[in-house]
Amino acid sequence: MTHPEVRLAIAGRSNNHLCAMDKSRQPNKRVSLAGMHIDRASAVPLHLQIAAHIRGCILRGVFPAGTQFLGSREIARELGCSRTVVLTAWDLLYAEGYLESTPRGSVMVASVATPHAEPPSVASPAAVPAHMSKRWQSLLAFDYETNWPSEFSPGAPDISTFPFKDWSRLLRQTWQNPREQECLDLPPEGHPRLRSEIASFLGSVRGLVCAPEEVVVTSGTSGALDFCSRMILDPGDEVWVEEPGFVEARWALTAAGAKLVPVPVDDKGLVVSEGIRRAPGARLIVVTPSHQYPLGVSMGLERRLELLDWANKNDVWVIEDDYNSEFRHQDSMIASLRSLDREGRVIYFGTFSKIMMPNLRLGYIVANRHFIDGFSKGRARIDVHTSGVGQLALAEFMREGHLLRHLRGMRRAYATRRKALIDAIATLMPDDLTVSAAVTGLHLVALFTEAMRARMSDREAAASLKQAGIHVQPLSQNFLEQPTLQGLVFGYGRLRVEDASPLLARIAACIGSSSRNASSDPAISSRTVRTIKRGRADRGA
């Protein structure tokens with residue numbers, strides 16, 4: 001296997017060019033980063049701190065063109081971090097043109113680097129505007145690749161079978177002759193008809209009994225979390241977040257000035273006892289108990305009751321993000337955390353983005369009426385209300401039963417796609433990946449086996465697959481602290497059944513071990529054909 005420090009720099013560069021470089025500018029010995037200060041309490045990831053340090057030294061002329069660095073293992077030992085962190089920092093600097101490789105595989109400062117210039121993080125108004133707050137800088141520091149179109153995009157729904165004919169008809173009918181009041185401002189908590197339909201929907205789909213007065217229409221989960229964070233928290237307040245967890249949630253909390261406290265997740269969900277140990281003075285807890293992202297586990301009843309009991313005794317709010325719980329493919333539906341809440345401590349989040357389409361930007365909050373009252377009054381002073389264009393049409397869409405029919409059809413489709421993906425992984429990469437047992441949602445996690453971890457990290461695997469035109473999210477990027485698990489997050493909402501095995505065969509050829517030669521193995525090839533045929537039959541059913 002090509003050494004990562006060489007592989008990351010090879011694309012687009014020629015060894016002949018490297019050999020022709022002026023050798024007189026290359027130093028006699030390689031430099032270290034031993035004097036660099038790492039702030040482990042900072043929200044800025046370690047690899048971004050390392051990259052910023054090297055970039056600044058290059059631009060100030062401290063590391064002139066041709067400067068060679070010690071190997072990644074030596075630097076990792078000096079800084080007290082993993083080698084993956086160092087390689088990720090170098091990967092970023094390769095992409096920016098600051099580093100390149102030597103013919104012998106060392107890492108050195110590129111010849112195009114400009115010495116004696118102030119680093120952008122210090123002097124460039126375009127990089128860090130003078131008015132940008134530290135909270136906003138911390139928000140932008142999160143390194144997370146998202147919004148790329150792919151068959152494996154986690155949480156991305158299939159919109160090909162959405163009843164657009166009915167939806168467009170209702171939009172047209174709603175706005176052909178609207179009432180004057182509906183063209184003016186709506187209540188900040190949303191249109192009453194839609195709030196009523198949401199309450200009925202939750203009762204029938206999630207078994208969550210609530211009154212329309214306990215429902216607020218929002219612009220999706222991200223917007224709801226942004227408002228609730230600012231409503232509940234003061235800058236510096238501690239918040240429990242799941243580790244690994246939903247990175248988008250951390251963005252909103254960071255923007256509100258919260259101090260994020262990562263709390264580990266095991267096979268029973270959030271480890272409450274560890275959260276109490278790490279941050280007994282927390283003001284807020286953000287959890288995905290029905291379907292944890294990204295691991296997919298469900299929080300057990302005992303753990304749920306423990307969480308509620310501690311939150312009630314310590315006056316702590318709990319935000320329950322009911323992520324993709326509508327799509328449970330086995331067993332019965334798991335009751336929501338809010339349905340167990342007797343003190344009004346839980347704030348329940350839901351969205352229509354995964355059931356209908358992401359750009360609809362409509363979601364909802366369910367909470368006690370005192371919270372809803374404070375939320376609505378504050379929102380009226382900041383955001384006024386969610387766009388009313390889709391609210392009335394959605395209320396009619398739900399009233400006529402189109403949403404429930406579409407949901408039932410998509411449950412069947414997603415269950416079939418999930419099975420096809422699991423079968424393909426088991427057939428083509430049994431020695432490399434172990435699929436989690438999660439049975440809810442639109443994604444699954446394939447953990448690296450010990451042999452796979454010894455060959456490469458999940459970020460290296462994702463980078464290799466990206467070069468091959470396959471986008472799969474590395475599990476480790478969902479950790480706030482040092483990752484304890486390695487794996488890949490496969491979404492299957494947009495995956496066609498007949499594509500599962502061919503795509504996994506390409507993945508196996510790119511990053512697999514013995515299964516790398518699957519295409520030339522007659523036994524594996526025949527299994528692949530059978531899997532594809534079975535998938536097509538399931539899709540036809």
# chains A, B, ... in the order shown; residues from 1 in each chain; ligands from 1
>>> select_by_dssp(residues="region 182-230 of chain A", states="strand (DSSP E or B)", output="number ranges by chain")
A: 215-218
>>> write_last_selection(atoms="C-alpha atoms", output="PDB file, in the first residue's frame")
ATOM      1  CA  VAL A 215     -46.869  22.571  19.101  1.00  0.00           C
ATOM      2  CA  VAL A 216     -44.755  25.236  17.367  1.00  0.00           C
ATOM      3  CA  VAL A 217     -44.028  25.210  13.622  1.00  0.00           C
ATOM      4  CA  THR A 218     -40.316  25.773  12.910  1.00  0.00           C
TER       5      THR A 218
END
>>> residues_around(residues="region 255-262 of chain A", least_positions_apart="3", cutoff="7 Å", atoms="only C-alpha atoms", output="VMD selection string")
chain A and resid 135 to 136 139 229 to 230 233 235 to 243 251 to 252 279 480
>>> write_last_selection(atoms="C-alpha atoms", output="CSV table (one decimal), in the first residue's frame")
chain,number,residue,atom,x,y,z
A,135,ARG,CA,-18.2,32.1,18.9
A,136,TRP,CA,-18.6,32.5,15.1
A,139,LEU,CA,-18.4,27.6,14.6
A,229,SER,CA,-30.2,27.3,22.6
A,230,ARG,CA,-30.4,31.1,22.7
A,233,LEU,CA,-28.4,29.1,27.5
A,235,PRO,CA,-22.6,32.1,27.0
A,236,GLY,CA,-20.4,29.5,28.8
A,237,ASP,CA,-23.2,27.3,30.0
A,238,GLU,CA,-22.4,23.6,29.7
A,239,VAL,CA,-24.4,21.3,27.4
A,240,TRP,CA,-24.2,17.5,27.2
A,241,VAL,CA,-23.8,16.3,23.6
A,242,GLU,CA,-23.6,12.7,22.4
A,243,GLU,CA,-20.1,11.4,21.5
A,251,TRP,CA,-22.9,24.1,15.3
A,252,ALA,CA,-26.0,25.7,16.6
A,279,ALA,CA,-20.7,18.2,33.8
A,480,LEU,CA,-15.6,15.9,19.3
>>> closest_atom_pairs(of="region 186-205 of chain A", to="region 382-388 of chain A", cutoff="12 Å", atoms="only C-alpha atoms", output="JSON lines")
{"residue": "A:Leu186", "atom": "CA", "partner": "A:His385", "partner_atom": "CA", "distance": 6.7}
{"residue": "A:Pro187", "atom": "CA", "partner": "A:His385", "partner_atom": "CA", "distance": 6.7}
{"residue": "A:Pro188", "atom": "CA", "partner": "A:His385", "partner_atom": "CA", "distance": 4.4}
{"residue": "A:Glu189", "atom": "CA", "partner": "A:His385", "partner_atom": "CA", "distance": 6.8}
{"residue": "A:Gly190", "atom": "CA", "partner": "A:His385", "partner_atom": "CA", "distance": 6.7}
{"residue": "A:His191", "atom": "CA", "partner": "A:Gly388", "partner_atom": "CA", "distance": 7.8}
{"residue": "A:Pro192", "atom": "CA", "partner": "A:Gly388", "partner_atom": "CA", "distance": 11.5}
{"residue": "A:Arg193", "atom": "CA", "partner": "A:Gly388", "partner_atom": "CA", "distance": 11.8}
{"residue": "A:Leu194", "atom": "CA", "partner": "A:Gly388", "partner_atom": "CA", "distance": 10.4}
>>> write_last_selection(atoms="N, CA and C atoms", output="mmCIF file, in the first residue's frame")
data_model
loop_
_atom_site.group_PDB
_atom_site.id
_atom_site.type_symbol
_atom_site.label_atom_id
_atom_site.label_comp_id
_atom_site.auth_asym_id
_atom_site.auth_seq_id
_atom_site.Cartn_x
_atom_site.Cartn_y
_atom_site.Cartn_z
ATOM 1 N N LEU A 186 -48.433 35.549 10.200
ATOM 2 C CA LEU A 186 -49.020 34.438 10.936
ATOM 3 C C LEU A 186 -48.584 34.524 12.393
ATOM 4 N N PRO A 187 -49.238 33.791 13.275
ATOM 5 C CA PRO A 187 -48.755 33.715 14.666
ATOM 6 C C PRO A 187 -47.341 33.141 14.684
ATOM 7 N N PRO A 188 -46.482 33.578 15.572
ATOM 8 C CA PRO A 188 -45.100 33.069 15.611
ATOM 9 C C PRO A 188 -45.023 31.569 15.856
ATOM 10 N N GLU A 189 -46.049 31.003 16.470
ATOM 11 C CA GLU A 189 -46.027 29.554 16.716
ATOM 12 C C GLU A 189 -46.542 28.745 15.525
ATOM 13 N N GLY A 190 -46.993 29.407 14.457
ATOM 14 C CA GLY A 190 -47.435 28.706 13.257
ATOM 15 C C GLY A 190 -48.934 28.767 13.063
ATOM 16 N N HIS A 191 -49.374 28.346 11.864
ATOM 17 C CA HIS A 191 -50.807 28.384 11.558
ATOM 18 C C HIS A 191 -51.555 27.366 12.407
ATOM 19 N N PRO A 192 -52.701 27.753 12.993
ATOM 20 C CA PRO A 192 -53.427 26.830 13.876
ATOM 21 C C PRO A 192 -53.803 25.514 13.209
ATOM 22 N N ARG A 193 -54.173 25.539 11.913
ATOM 23 C CA ARG A 193 -54.568 24.299 11.249
ATOM 24 C C ARG A 193 -53.397 23.323 11.137
ATOM 25 N N LEU A 194 -52.231 23.835 10.846
ATOM 26 C CA LEU A 194 -51.076 22.959 10.745
ATOM 27 C C LEU A 194 -50.674 22.429 12.113
#
>>> atom_distance(atom1="CA of Ala424 (chain A)", atom2="CA of Leu447 (chain A)")
14.8 Å
>>> residues_around(residues="Gly207 (chain A)", least_positions_apart="6", cutoff="10 Å", atoms="only C-alpha atoms", output="CSV table (one decimal) with N, CA and C atoms, in the first residue's frame")
chain,number,residue,atom,x,y,z
A,200,SER,N,-52.2,15.6,15.6
A,200,SER,CA,-52.9,14.3,15.2
A,200,SER,C,-51.9,13.4,14.6
A,201,PHE,N,-51.0,13.9,13.8
A,201,PHE,CA,-50.0,13.0,13.1
A,201,PHE,C,-49.1,12.3,14.2
A,333,MET,N,-42.6,0.3,17.2
A,333,MET,CA,-42.1,1.6,17.3
A,333,MET,C,-41.7,1.9,18.8
A,334,ILE,N,-40.6,2.6,19.0
A,334,ILE,CA,-40.1,2.9,20.3
A,334,ILE,C,-40.8,4.2,20.7
A,335,ALA,N,-41.3,4.2,21.9
A,335,ALA,CA,-41.9,5.4,22.5
A,335,ALA,C,-40.9,6.6,22.6
A,336,SER,N,-41.4,7.8,22.4
A,336,SER,CA,-40.5,8.9,22.5
A,336,SER,C,-40.2,9.2,24.0
A,339,SER,N,-42.8,11.2,25.8
A,339,SER,CA,-44.0,10.5,26.3
A,339,SER,C,-43.8,10.0,27.7
>>> closest_residue(among="A:Val472, A:Leu394, A:Ala505, A:Leu403", to="Leu428 (chain A)", atoms="only C-alpha atoms")
A:Ala505
>>> atom_distance(atom1="CA of Ser501 (chain A)", atom2="CA of Ile422 (chain A)")
9.7 Å
>>> residues_around(residues="Arg73 (chain A)", least_positions_apart="6", cutoff="12 Å", atoms="only C-alpha atoms", output="ChimeraX atom specification")
/A:4-5,32-33,79-87
>>> closest_residue(among="A:Glu151, A:Asp91, A:Glu248, A:Glu396", to="Ile470 (chain A)", atoms="only C-alpha atoms")
A:Glu151
>>> closest_residue(among="A:Ile232, A:Val297, A:Met357, A:Ala311", to="Gly275 (chain A)", atoms="only C-alpha atoms")
A:Ala311
>>> residues_around(residues="region 389-393 of chain A", least_positions_apart="5", cutoff="12 Å", atoms="only C-alpha atoms", output="count of residues only")
45
>>> atom_distance(atom1="CA of Gln473 (chain A)", atom2="CA of Ser106 (chain A)")
28.4 Å
>>> residues_around(residues="Cys510 (chain A)", least_positions_apart="6", cutoff="9 Å", atoms="only C-alpha atoms", output="list in words")
Ala461, Ser464, Leu465, Ala468 and Arg516 of chain A
>>> write_last_selection(atoms="C-alpha atoms", output="PDB file, in the first residue's frame")
ATOM      1  CA  ALA A 461     -10.616   5.215   3.358  1.00  0.00           C
ATOM      2  CA  SER A 464      -9.558   7.042  -1.335  1.00  0.00           C
ATOM      3  CA  LEU A 465     -13.198   6.384  -2.123  1.00  0.00           C
ATOM      4  CA  ALA A 468     -12.855   6.920  -7.035  1.00  0.00           C
ATOM      5  CA  ARG A 516     -10.263  -6.562  -3.135  1.00  0.00           C
TER       6      ARG A 516
END
